[in-house]
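K.L.:
Input file: structure11.cif. Contents: mmCIF, C-alpha atoms.
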data_entry
loop_
_atom_site.label_atom_id
_atom_site.label_comp_id
_atom_site.auth_asym_id
_atom_site.auth_seq_id
_atom_site.Cartn_x
_atom_site.Cartn_y
_atom_site.Cartn_z
CA MET O 1 49.25 -33.03 38.05
CA PRO O 2 52.09 -32.11 35.69
CA VAL O 3 51.39 -31.15 32.11
CA LEU O 4 53.07 -34.29 30.89
CA SER O 5 50.51 -36.42 32.72
CA TYR O 6 47.70 -34.62 30.88
CA PHE O 7 49.52 -35.20 27.64
CA PHE O 8 49.73 -38.96 28.27
CA ILE O 9 46.15 -39.21 29.46
CA PHE O 10 44.76 -37.45 26.42
CA ALA O 11 47.16 -39.17 24.01
CA ALA O 12 45.94 -42.47 25.35
CA ALA O 13 42.33 -41.35 25.15
CA ILE O 14 42.72 -40.24 21.50
CA ILE O 15 44.46 -43.47 20.48
CA LEU O 16 41.81 -45.59 22.21
CA GLN O 17 39.00 -43.49 20.71
CA LEU O 18 40.39 -44.08 17.25
CA THR O 19 41.23 -47.74 17.65
CA VAL O 20 39.31 -49.56 20.39
CA ILE O 21 36.14 -47.52 20.91
CA PRO O 22 34.76 -48.24 17.40
CA LEU O 23 34.47 -51.84 18.59
CA PHE O 24 31.94 -50.72 21.15
CA SER O 25 29.90 -48.87 18.56
CA VAL O 26 26.22 -49.82 18.32
CA GLN O 27 24.23 -48.42 15.38
CA GLU O 28 26.76 -45.59 14.93
CA VAL O 29 26.44 -44.76 18.62
CA ALA O 30 29.71 -44.90 20.52
CA PRO O 31 31.04 -43.53 23.80
CA ASN O 32 33.39 -40.54 23.69
CA LEU O 33 36.50 -41.37 25.69
CA ILE O 34 38.13 -38.00 25.13
CA LEU O 35 35.04 -36.27 26.46
CA ILE O 36 35.11 -38.54 29.51
CA ALA O 37 38.73 -37.53 30.08
CA VAL O 38 37.97 -33.84 29.63
CA VAL O 39 35.01 -33.90 32.05
CA SER O 40 36.99 -35.92 34.59
CA VAL O 41 39.98 -33.56 34.48
CA THR O 42 37.63 -30.59 34.76
CA LEU O 43 35.89 -32.03 37.83
CA LEU O 44 39.28 -32.68 39.40
CA ARG O 45 41.25 -29.61 38.38
CA GLY O 46 38.70 -26.90 37.62
CA LYS O 47 37.32 -25.01 34.68
CA VAL O 48 40.44 -23.39 33.29
CA VAL O 49 42.52 -26.58 33.18
CA GLY O 50 39.54 -28.50 31.82
CA ILE O 51 38.86 -25.95 29.07
CA MET O 52 42.50 -25.90 27.99
CA CYS O 53 42.72 -29.70 28.00
CA GLY O 54 39.43 -29.97 26.16
CA PHE O 55 40.52 -27.48 23.52
CA PHE O 56 43.92 -29.02 22.79
CA ALA O 57 42.67 -32.61 23.00
CA GLY O 58 39.85 -31.68 20.64
CA VAL O 59 42.24 -30.11 18.14
CA CYS O 60 44.45 -33.24 18.21
CA PHE O 61 41.50 -35.58 17.87
CA ASP O 62 40.04 -33.60 14.98
CA PHE O 63 43.41 -33.51 13.28
CA PHE O 64 43.95 -37.27 13.51
CA GLY O 65 40.37 -38.47 13.58
CA THR O 66 37.42 -36.51 12.24
CA GLY O 67 39.29 -34.28 9.82
CA PHE O 68 36.85 -31.51 10.62
CA VAL O 69 39.31 -29.46 12.65
CA GLY O 70 37.74 -27.28 15.32
CA ILE O 71 34.50 -29.14 15.99
CA SER O 72 35.76 -31.26 18.91
CA SER O 73 37.84 -28.44 20.35
CA LEU O 74 34.71 -26.25 20.41
CA THR O 75 32.39 -28.85 21.91
CA ASN O 76 34.99 -30.07 24.42
CA THR O 77 35.55 -26.48 25.52
CA LEU O 78 31.83 -25.99 26.08
CA ALA O 79 31.50 -29.32 27.92
CA ALA O 80 34.46 -28.46 30.17
CA PHE O 81 32.93 -25.09 30.96
CA ILE O 82 29.65 -26.73 31.99
CA ALA O 83 31.39 -29.46 34.00
CA GLY O 84 33.51 -26.80 35.66
CA PHE O 85 30.53 -25.59 37.70
CA TRP O 86 30.83 -28.81 39.77
CA ALA O 87 34.62 -28.88 39.91
CA GLY O 88 36.08 -29.88 43.29
CA GLU O 89 32.90 -31.53 44.58
CA GLN O 90 33.33 -34.77 46.57
CA PHE O 91 31.38 -37.35 44.61
CA ASP O 92 32.95 -40.63 45.78
CA ARG O 93 30.24 -41.44 48.32
CA ARG O 94 27.37 -40.05 46.36
CA MET O 95 27.89 -41.34 42.87
CA THR O 96 24.31 -40.81 41.87
CA ILE O 97 24.64 -37.08 42.41
CA ILE O 98 27.34 -36.87 39.75
CA LEU O 99 25.01 -38.11 37.02
CA GLY O 100 23.27 -34.72 36.55
CA PRO O 101 26.40 -32.63 35.97
CA LEU O 102 27.97 -35.33 33.81
CA PHE O 103 24.83 -35.69 31.75
CA ALA O 104 24.58 -31.90 31.33
CA SER O 105 28.15 -31.48 30.13
CA ILE O 106 28.05 -34.53 27.83
CA PHE O 107 24.69 -33.44 26.44
CA VAL O 108 25.98 -29.94 25.71
CA HIS O 109 28.96 -31.50 23.91
CA ASP O 110 26.82 -33.83 21.82
CA PHE O 111 24.17 -31.22 21.17
CA PHE O 112 26.63 -28.80 19.57
CA TYR O 113 28.70 -31.56 17.95
CA TYR O 114 25.84 -33.15 16.03
CA ASN O 115 24.06 -29.91 15.23
CA ILE O 116 27.23 -28.50 13.72
CA LEU O 117 27.56 -31.70 11.67
CA ARG O 118 23.92 -31.30 10.64
CA ILE O 119 24.55 -27.86 9.05
CA GLY O 120 24.02 -27.99 5.33
CA ALA O 121 22.53 -31.51 5.47
CA SER O 122 18.89 -32.44 5.06
CA VAL O 123 18.59 -34.05 8.50
CA GLY O 124 15.90 -32.78 10.85
CA PHE O 125 16.59 -31.46 14.34
CA TRP O 126 14.40 -33.97 16.15
CA LYS O 127 15.84 -36.90 14.28
CA THR O 128 19.34 -35.70 15.20
CA LEU O 129 18.28 -35.27 18.82
CA PHE O 130 16.76 -38.73 19.23
CA ARG O 131 18.91 -40.66 16.78
CA HIS O 132 22.33 -39.28 17.75
CA ILE O 133 22.45 -36.79 20.61
CA PHE O 134 20.52 -38.65 23.33
CA PRO O 135 21.91 -42.13 22.54
CA ASN O 136 25.50 -40.88 22.46
CA THR O 137 25.02 -38.88 25.64
CA VAL O 138 23.55 -41.89 27.49
CA TYR O 139 26.12 -44.31 26.13
CA THR O 140 29.04 -42.03 27.07
CA LEU O 141 27.53 -41.49 30.51
CA VAL O 142 27.10 -45.22 31.09
CA PHE O 143 30.61 -45.90 29.80
CA MET O 144 31.96 -43.21 32.11
CA MET O 145 30.20 -44.72 35.13
CA MET O 146 31.61 -48.13 34.26
CA ILE O 147 35.15 -46.76 34.07
CA TYR O 148 34.72 -45.01 37.40
CA MET O 149 33.45 -48.19 39.00
CA LEU O 150 36.28 -50.26 37.54
CA LEU O 151 38.94 -47.93 38.84
CA PRO O 152 40.35 -49.06 42.24
CA LYS O 153 39.67 -45.61 43.66
CA SER O 154 37.43 -43.15 41.92
CA PRO O 155 39.37 -40.10 40.74
CA LEU O 156 36.44 -38.03 41.84
CA GLY O 157 37.15 -38.87 45.44
CA ARG O 158 40.49 -37.14 45.40
CA ARG O 159 41.02 -33.43 45.66
CA MET Z 1 44.24 -1.14 34.40
CA ARG Z 2 44.38 -2.69 37.88
CA LEU Z 3 40.65 -3.32 37.74
CA LEU Z 4 41.04 -4.98 34.36
CA ASN Z 5 43.81 -7.20 35.71
CA GLU Z 6 41.68 -8.14 38.71
CA TRP Z 7 38.74 -8.92 36.48
CA LEU Z 8 40.90 -11.06 34.20
CA VAL Z 9 42.29 -13.00 37.18
CA HIS Z 10 38.86 -13.54 38.69
CA ARG Z 11 37.17 -14.43 35.44
CA ARG Z 12 39.97 -16.37 33.79
CA ASP Z 13 37.52 -19.23 33.27
CA LEU Z 14 35.44 -16.98 31.03
CA LEU Z 15 38.58 -15.81 29.29
CA ALA Z 16 39.57 -19.44 28.69
CA LEU Z 17 36.06 -20.22 27.43
CA PHE Z 18 35.97 -17.32 24.97
CA GLY Z 19 39.53 -18.07 23.87
CA GLY Z 20 38.66 -21.72 23.29
CA ILE Z 21 35.48 -20.83 21.39
CA PHE Z 22 37.24 -18.18 19.33
CA PHE Z 23 40.13 -20.38 18.25
CA SER Z 24 37.79 -23.32 17.66
CA LEU Z 25 35.64 -21.17 15.37
CA VAL Z 26 38.75 -19.96 13.54
CA LEU Z 27 39.78 -23.57 13.03
CA LEU Z 28 36.26 -24.57 12.01
CA LEU Z 29 35.99 -21.82 9.44
CA SER Z 30 39.36 -22.73 7.97
CA ASN Z 31 37.88 -26.08 6.88
CA ASP Z 32 36.64 -26.65 3.37
CA SER Z 33 33.59 -28.66 4.41
CA ARG Z 34 29.90 -28.62 3.56
CA GLN Z 35 29.07 -27.10 6.95
CA VAL Z 36 31.50 -24.23 6.52
CA HIS Z 37 30.19 -23.54 3.02
CA ALA Z 38 26.66 -23.45 4.41
CA VAL Z 39 27.68 -21.15 7.27
CA ARG Z 40 29.51 -18.88 4.84
CA SER Z 41 26.51 -18.70 2.55
CA TRP Z 42 24.27 -17.90 5.56
CA ALA Z 43 26.75 -15.26 6.68
CA PHE Z 44 26.82 -13.74 3.20
CA ALA Z 45 23.05 -13.83 3.01
CA GLY Z 46 22.74 -12.24 6.45
CA PHE Z 47 25.39 -9.67 5.65
CA GLY Z 48 23.66 -8.92 2.36
CA TYR Z 49 20.33 -8.55 4.12
CA ILE Z 50 21.83 -6.14 6.67
CA LEU Z 51 23.51 -4.16 3.89
CA ASP Z 52 20.20 -4.05 2.02
CA GLN Z 53 18.43 -2.75 5.11
CA MET Z 54 21.13 -0.15 5.67
CA GLU Z 55 20.87 0.86 2.04
CA VAL Z 56 17.10 1.15 2.39
CA VAL Z 57 17.60 3.48 5.36
CA SER Z 58 20.23 5.57 3.58
CA ARG Z 59 18.14 5.51 0.39
CA TYR Z 60 15.16 6.71 2.39
CA ARG Z 61 17.16 9.67 3.67
CA GLY Z 62 18.42 10.27 0.13
CA VAL Z 63 14.90 10.04 -1.25
CA HIS Z 64 13.67 12.56 1.30
CA GLU Z 65 16.40 15.02 0.35
CA GLU Z 66 15.89 14.34 -3.35
CA ASN Z 67 12.16 14.85 -2.90
CA GLN Z 68 12.76 18.22 -1.23
CA TRP Z 69 15.12 19.23 -4.01
CA LEU Z 70 12.70 18.11 -6.69
CA ARG Z 71 9.86 20.04 -5.07
CA GLN Z 72 11.95 23.20 -5.09
CA GLU Z 73 13.05 22.52 -8.64
CA THR Z 74 9.46 21.90 -9.73
CA ALA Z 75 8.30 25.14 -8.12
CA ALA Z 76 11.14 27.06 -9.80
CA LEU Z 77 10.40 25.44 -13.16
CA MET Z 78 6.69 26.16 -12.84
CA LEU Z 79 7.49 29.80 -12.13
CA GLU Z 80 9.89 29.91 -15.05
CA SER Z 81 7.35 28.20 -17.28
CA ALA Z 82 4.68 30.72 -16.26
CA GLN Z 83 7.07 33.58 -16.99
CA LEU Z 84 7.97 32.08 -20.36
CA GLN Z 85 4.32 31.56 -21.16
CA GLU Z 86 3.63 35.15 -20.21
CA ALA Z 87 6.54 36.38 -22.32
CA MET Z 88 5.38 34.26 -25.24
CA GLU Z 89 1.86 35.62 -24.95
CA GLU Z 90 3.14 39.18 -24.70
CA ASN Z 91 5.34 38.54 -27.69
CA ARG Z 92 2.37 37.29 -29.67
CA ARG Z 93 0.28 40.31 -28.73
CA LEU Z 94 3.05 42.77 -29.50
CA ARG Z 95 3.70 41.09 -32.83
CA ALA Z 96 0.00 41.43 -33.66
CA LEU Z 97 0.03 45.07 -32.61
CA LEU Z 98 3.19 45.76 -34.59
CA ASP Z 99 1.68 44.08 -37.58
CA PHE Z 100 -1.46 46.13 -37.14
CA LYS Z 101 0.58 49.31 -36.78
CA GLU Z 102 2.53 48.54 -39.95
CA ARG Z 103 -0.57 47.68 -41.89
CA SER Z 104 -2.59 50.66 -40.67
CA ALA Z 105 -2.67 53.95 -42.52
CA LEU Z 106 -3.35 55.62 -39.20
CA GLU Z 107 -0.64 57.21 -37.09
CA LEU Z 108 -0.77 55.24 -33.89
CA ILE Z 109 0.56 55.98 -30.39
CA PRO Z 110 1.01 52.86 -28.24
CA ALA Z 111 0.05 52.72 -24.57
CA LYS Z 112 -0.07 50.05 -21.92
CA VAL Z 113 -3.34 49.42 -20.11
CA LEU Z 114 -2.69 50.00 -16.40
CA GLY Z 115 -6.08 49.04 -15.06
CA LYS Z 116 -9.84 49.52 -15.13
CA ASP Z 117 -11.73 52.37 -13.57
CA GLU Z 118 -13.77 50.80 -10.81
CA ASN Z 119 -15.52 53.93 -9.47
CA GLY Z 120 -18.71 53.13 -11.35
CA PHE Z 121 -19.32 56.52 -12.93
CA ILE Z 122 -17.71 55.68 -16.19
CA ASN Z 123 -16.67 52.45 -17.82
CA ALA Z 124 -13.04 53.29 -18.54
CA ILE Z 125 -9.46 52.09 -18.53
CA PHE Z 126 -6.26 53.76 -17.32
CA LEU Z 127 -3.46 54.07 -19.84
CA GLY Z 128 0.27 54.48 -19.30
CA ALA Z 129 0.63 57.39 -21.74
CA GLY Z 130 -0.35 61.05 -21.47
CA SER Z 131 -0.04 64.47 -22.99
CA LEU Z 132 3.75 64.15 -23.04
CA ASP Z 133 3.21 61.23 -25.41
CA SER Z 134 1.08 63.48 -27.66
CA LEU Z 135 -2.23 62.14 -26.39
CA LYS Z 136 -5.21 64.46 -26.62
CA LYS Z 137 -8.81 64.29 -25.44
CA ASN Z 138 -11.24 62.43 -27.75
CA MET Z 139 -8.49 60.55 -29.58
CA ALA Z 140 -9.78 57.19 -30.78
CA VAL Z 141 -8.47 54.18 -28.87
CA VAL Z 142 -8.07 51.02 -30.93
CA THR Z 143 -6.47 47.61 -30.98
CA SER Z 144 -5.75 45.28 -33.85
CA GLN Z 145 -9.23 43.84 -33.26
CA GLY Z 146 -11.09 47.12 -33.57
CA LEU Z 147 -12.48 50.11 -31.73
CA VAL Z 148 -11.97 50.26 -27.96
CA GLY Z 149 -13.19 53.74 -27.09
CA LYS Z 150 -11.84 57.27 -26.86
CA ILE Z 151 -9.54 59.32 -24.64
CA TYR Z 152 -11.59 60.90 -21.86
CA GLN Z 153 -9.04 62.55 -19.57
CA VAL Z 154 -5.37 63.28 -20.19
CA GLY Z 155 -2.58 63.68 -17.67
CA ASN Z 156 1.12 64.19 -18.33
CA HIS Z 157 2.01 60.53 -18.18
CA ASN Z 158 -1.35 58.82 -17.80
CA SER Z 159 -4.77 59.08 -19.30
CA THR Z 160 -8.26 57.61 -19.06
CA ALA Z 161 -10.10 56.10 -21.99
CA GLN Z 162 -13.89 55.80 -22.10
CA LEU Z 163 -14.84 52.39 -23.42
CA LEU Z 164 -17.30 51.46 -26.11
CA LEU Z 165 -19.23 49.72 -23.35
CA ASP Z 166 -19.83 52.94 -21.37
CA ARG Z 167 -23.48 54.02 -21.19
CA ASN Z 168 -22.66 57.51 -22.46
CA PHE Z 169 -20.46 56.45 -25.34
CA ARG Z 170 -21.78 57.14 -28.83
CA VAL Z 171 -20.22 56.62 -32.22
CA GLY Z 172 -21.58 56.86 -35.73
CA ALA Z 173 -21.37 53.51 -37.54
CA VAL Z 174 -22.36 51.82 -40.76
CA VAL Z 175 -23.01 48.26 -41.86
CA GLN Z 176 -19.95 47.48 -43.97
CA ARG Z 177 -21.87 45.47 -46.58
CA SER Z 178 -25.03 47.58 -47.10
CA ARG Z 179 -23.70 50.96 -45.77
CA VAL Z 180 -26.81 51.32 -43.56
CA ALA Z 181 -25.94 53.96 -40.96
CA GLY Z 182 -26.82 54.20 -37.29
CA ILE Z 183 -25.52 55.15 -33.86
CA ILE Z 184 -23.63 52.65 -31.71
CA ARG Z 185 -24.42 52.79 -28.01
CA TRP Z 186 -24.11 50.43 -25.05
CA ASN Z 187 -26.98 48.04 -24.54
CA SER Z 188 -26.22 45.68 -21.69
CA GLY Z 189 -23.28 43.66 -20.44
CA ASN Z 190 -20.75 43.27 -23.19
CA GLN Z 191 -23.19 44.10 -25.95
CA VAL Z 192 -23.85 47.29 -27.94
CA VAL Z 193 -26.61 48.16 -30.36
CA LEU Z 194 -26.68 49.95 -33.66
CA ALA Z 195 -29.60 52.27 -32.98
CA GLU Z 196 -31.71 54.55 -35.11
CA VAL Z 197 -31.64 52.19 -38.05
CA PRO Z 198 -34.72 52.55 -40.25
CA LYS Z 199 -37.01 49.54 -40.39
CA ARG Z 200 -36.63 47.16 -43.30
CA SER Z 201 -32.98 48.19 -43.77
CA ASP Z 202 -30.73 45.62 -45.39
CA ILE Z 203 -29.07 44.08 -42.38
CA LYS Z 204 -28.23 40.43 -41.85
CA LYS Z 205 -26.89 38.46 -38.99
CA GLY Z 206 -23.08 38.42 -39.13
CA ASP Z 207 -22.79 41.74 -40.93
CA VAL Z 208 -19.70 43.70 -39.89
CA ILE Z 209 -20.24 47.11 -38.32
CA VAL Z 210 -17.51 49.74 -38.81
CA THR Z 211 -17.11 53.38 -37.77
CA SER Z 212 -18.68 55.87 -40.10
CA SER Z 213 -16.39 58.12 -42.11
CA LEU Z 214 -18.73 60.98 -41.21
CA SER Z 215 -17.62 60.78 -37.55
CA THR Z 216 -15.76 63.84 -36.36
CA ILE Z 217 -13.74 61.91 -33.76
CA PHE Z 218 -13.14 58.43 -35.15
CA PRO Z 219 -11.56 57.49 -38.42
CA GLY Z 220 -13.95 55.67 -40.69
CA GLY Z 221 -13.77 51.94 -41.31
CA LEU Z 222 -12.65 50.88 -37.80
CA ASP Z 223 -14.09 47.53 -36.92
CA ILE Z 224 -16.71 47.77 -34.14
CA GLY Z 225 -18.28 44.32 -34.18
CA HIS Z 226 -20.73 42.07 -35.98
CA VAL Z 227 -24.51 41.77 -36.00
CA THR Z 228 -25.89 39.10 -33.68
CA GLY Z 229 -29.60 39.94 -33.83
CA VAL Z 230 -32.28 42.43 -34.76
CA SER Z 231 -35.02 43.73 -32.46
CA GLU Z 232 -37.95 45.58 -33.96
CA GLU Z 233 -40.62 47.45 -32.06
CA ASN Z 234 -44.04 47.77 -33.72
CA GLN Z 235 -44.65 51.37 -32.70
CA SER Z 236 -41.26 52.66 -33.73
CA MET Z 237 -39.90 53.66 -37.10
CA PHE Z 238 -36.46 52.41 -36.18
CA MET Z 239 -34.99 49.15 -35.09
CA ASP Z 240 -32.09 48.23 -32.86
CA ILE Z 241 -29.38 45.97 -34.25
CA GLU Z 242 -27.62 43.89 -31.60
CA VAL Z 243 -23.88 43.99 -32.09
CA ALA Z 244 -21.18 41.92 -30.43
CA PRO Z 245 -18.04 44.06 -30.07
CA ALA Z 246 -14.97 42.94 -32.03
CA VAL Z 247 -12.71 43.75 -29.09
CA ASP Z 248 -12.48 41.44 -26.10
CA PHE Z 249 -12.59 44.03 -23.33
CA GLY Z 250 -11.61 41.51 -20.70
CA LYS Z 251 -8.20 41.00 -22.27
CA LEU Z 252 -7.04 44.52 -22.98
CA GLU Z 253 -3.34 44.95 -22.27
CA GLU Z 254 -1.97 47.22 -24.97
CA VAL Z 255 -3.87 49.75 -27.07
CA PHE Z 256 -3.16 52.42 -29.69
CA MET Z 257 -4.36 56.00 -29.91
CA VAL Z 258 -5.06 57.39 -33.36
CA ARG Z 259 -3.28 60.74 -33.76
CA VAL Z 260 -4.99 62.06 -36.89
CA ARG Z 261 -7.88 60.92 -38.95
CA PRO Z 262 -6.60 59.87 -42.32
CA LEU Z 263 -8.87 58.33 -44.90
CA LEU Z 264 -8.79 54.55 -45.13
CA ASP Z 265 -8.70 52.67 -48.39
CA ASN Z 266 -11.67 50.49 -47.47
#
Is it possible to express this structure as structure tokens?

P.N.:
Amino acid sequence: MPVLSYFFIFAAAIILQLTVIPLFSVQEVAPNLILIAVVSVTLLRGKVVGIMCGFFAGVCFDFFGTGFVGISSLTNTLAAFIAGFWAGEQFDRRMTIILGPLFASIFVHDFFYYNILRIGASVGFWKTLFRHIFPNTVYTLVFMMMIYMLLPKSPLGRR
Amino acid sequence: MRLLNEWLVHRRDLLALFGGIFFSLVLLLSNDSRQVHAVRSWAFAGFGYILDQMEVVSRYRGVHEENQWLRQETAALMLESAQLQEAMEENRRLRALLDFKERSALELIPAKVLGKDENGFINAIFLGAGSLDSLKKNMAVVTSQGLVGKIYQVGNHNSTAQLLLDRNFRVGAVVQRSRVAGIIRWNSGNQVVLAEVPKRSDIKKGDVIVTSSLSTIFPGGLDIGHVTGVSEENQSMFMDIEVAPAVDFGKLEEVFMVRVRPLLDN
């Protein structure tokens, strides 16, 4: 997949994350489309490509979205590294098997993302875990599964 | 180099991970947010703690060295202090002796006390002056406090002086106030008695005993001691007067020998 394709995919993901995804937000819990893209690219193309995409997409998203530059690039990099352990696996006929790796990588992303945000604030760890990390992880995972099912052919089936 | 290249190729995923984390952290720390301020304050606190611990370690080493140095310095100062104290004491004694020599009508020859005779036959002291210093046998030995004894043996550079406390020492003495005469001899320990004093003589406790001017060896009027008690025996015509010597024989360091026997004013 040429570099330009990655650029368009992540540009689209960032624009949608900033414009459309807030509509799906429930109690400040929203799916992370950029993370879905990063994990998907990592599963398809491997760790190194996934980490690079995650880093640059994170920098762009932070620059245009959160304003806290570096946080998404860091967490996307970590999530891509975790997802990279299952890169190249054929998941199209065993969709349930993919849930574990996806959950792990999304959880790692959310865990670091919200705990970094928590620094300097008077919010407890457990409250952050159950109020933000788990709900966001589950929501993103569910959203990801829905996208995969809506696609005519799952990208995870291709090598 | 080849191994490094191979490792980098094989573990490029780790390289990408560390690169991503590193640049992300650089970007994160360039923010001016609450989180970064908190992390910076933690970092400063941690850094300060580590520096404190390092300083404690270095201070401990410094304290150990300083302690050693102070111990040496204390020992040196104690030694110096002892020497100064000794010099001060010697100075005081010499001043007293000089004063005594200037005041005295007697011609005095100074000598240092070298030690005590421990052989048991005679209670004596060794002196650092002899016949070459004009010392002669039977010369009176005195200090500013009073009578010490007499020269017993004379060498060229050293001599021996028999002390007032020797059992064979005798000297004619009088009570300064009432002029009652007697013979001074050793009694026991550091005490002498004025013997052969007729009963009912006028003697009181505290009376000063001096050498008699009738003595052929000692100049008259030298302080011997003071009366501390009187012992009378019923069947005797005489009584013994207990006398505490004026000289502290335990602290003899410098003495004078009397060359001639001039008459004293008192």

K.L.:
Calculated over all atoms listed in the file, which of the candidates O:Lys47, O:His132, O:Lys127, O:His109 has the smallest distance to chain Z?

P.N.:
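Closest candidate: O:Lys47.
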
K.L.:
Need to verify the contact set: segment 170-181 of chain Z, 9 Å, only C-alpha atoms, exclusion of same-chain residues closer than 4 positions in sequence. Can you return it as a ChimeraX atom specification?

P.N.:
/Z:164,166,185-186,194-198,201-203,207-215,217-218,220-221,224,226-227

K.L.:
Expressed in Å to a single decimal, how great is the separation between atom CA of Leu16 of chain O and atom CA of Phe18 of chain Z?

P.N.:
29.0 Å

K.L.:
Let me know the residues the PyMOL selection byres ((chain O) within 12 of (chain Z)) catches in the file above, as number ranges by chain.

P.N.:
O: 42, 46-60, 62-63, 66-85, 113-122

K.L.:
The PyMOL selection byres ((chain O and resi 22-33) around 8) - which residues does that actually catch in the file I just gave you? List them as a PyMOL selection string.

P.N.:
chain O and resi 13-14+16-21+34-37+132+135-137+139-141+143

K.L.:
Quick one, how far is atom CA of Glu80 of chain Z from atom CA of Thr143 of chain Z?

P.N.:
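Between these atoms lies a distance of 28.9 Å.
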
K.L.:
Find the spatial neighbours of Leu99 of chain O, counting all atoms listed in the file, within a cut-off of 10 Å - ignore same-chain residues fewer than 6 positions away - and output them as a list of chain:residue names.

P.N.:
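My list of contacting residues is O:Phe91, O:Leu141, O:Val142, O:Met144, O:Met145.
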
K.L.:
Rounded to one decimal, what separation in Å do you get between atom CA of Ile125 of chain Z and atom CA of Thr160 of chain Z?

P.N.:
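Those two atoms sit 5.7 Å apart.
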
K.L.:
Report as a CSV table (one decimal) with C-alpha atoms, in the coordinates of the input the full result of the PyMOL selection byres ((chain Z and resi 163) around 8) when it is applied to this structure.

P.N.:
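Writing done, so here's expr_14.csv:
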chain,number,residue,atom,x,y,z
Z,123,ASN,CA,-16.7,52.4,-17.8
Z,124,ALA,CA,-13.0,53.3,-18.5
Z,125,ILE,CA,-9.5,52.1,-18.5
Z,148,VAL,CA,-12.0,50.3,-28.0
Z,149,GLY,CA,-13.2,53.7,-27.1
Z,150,LYS,CA,-11.8,57.3,-26.9
Z,161,ALA,CA,-10.1,56.1,-22.0
Z,162,GLN,CA,-13.9,55.8,-22.1
Z,164,LEU,CA,-17.3,51.5,-26.1
Z,165,LEU,CA,-19.2,49.7,-23.4
Z,166,ASP,CA,-19.8,52.9,-21.4
Z,169,PHE,CA,-20.5,56.4,-25.3

K.L.:
Which residues are close to Ala111 of chain Z, i.e. within 8 Å by only C-alpha atoms, leaving aside same-chain residues fewer than 3 positions away? Reply as a list of chain:residue names.

P.N.:
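Here the answer would be Z:Leu127, Z:Gly128, Z:Ala129, Z:Glu254, Z:Val255, Z:Phe256, Z:Met257.
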
K.L.:
Save the residues we just selected, C-alpha atoms, as a PDB file, keeping the file's coordinate frame?

P.N.:
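Saved to again.pdb:
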ATOM      1  CA  LEU Z 127      -3.460  54.070 -19.840  1.00  0.00           C
ATOM      2  CA  GLY Z 128       0.270  54.480 -19.300  1.00  0.00           C
ATOM      3  CA  ALA Z 129       0.630  57.390 -21.740  1.00  0.00           C
ATOM      4  CA  GLU Z 254      -1.970  47.220 -24.970  1.00  0.00           C
ATOM      5  CA  VAL Z 255      -3.870  49.750 -27.070  1.00  0.00           C
ATOM      6  CA  PHE Z 256      -3.160  52.420 -29.690  1.00  0.00           C
ATOM      7  CA  MET Z 257      -4.360  56.000 -29.910  1.00  0.00           C
TER       8      MET Z 257
END
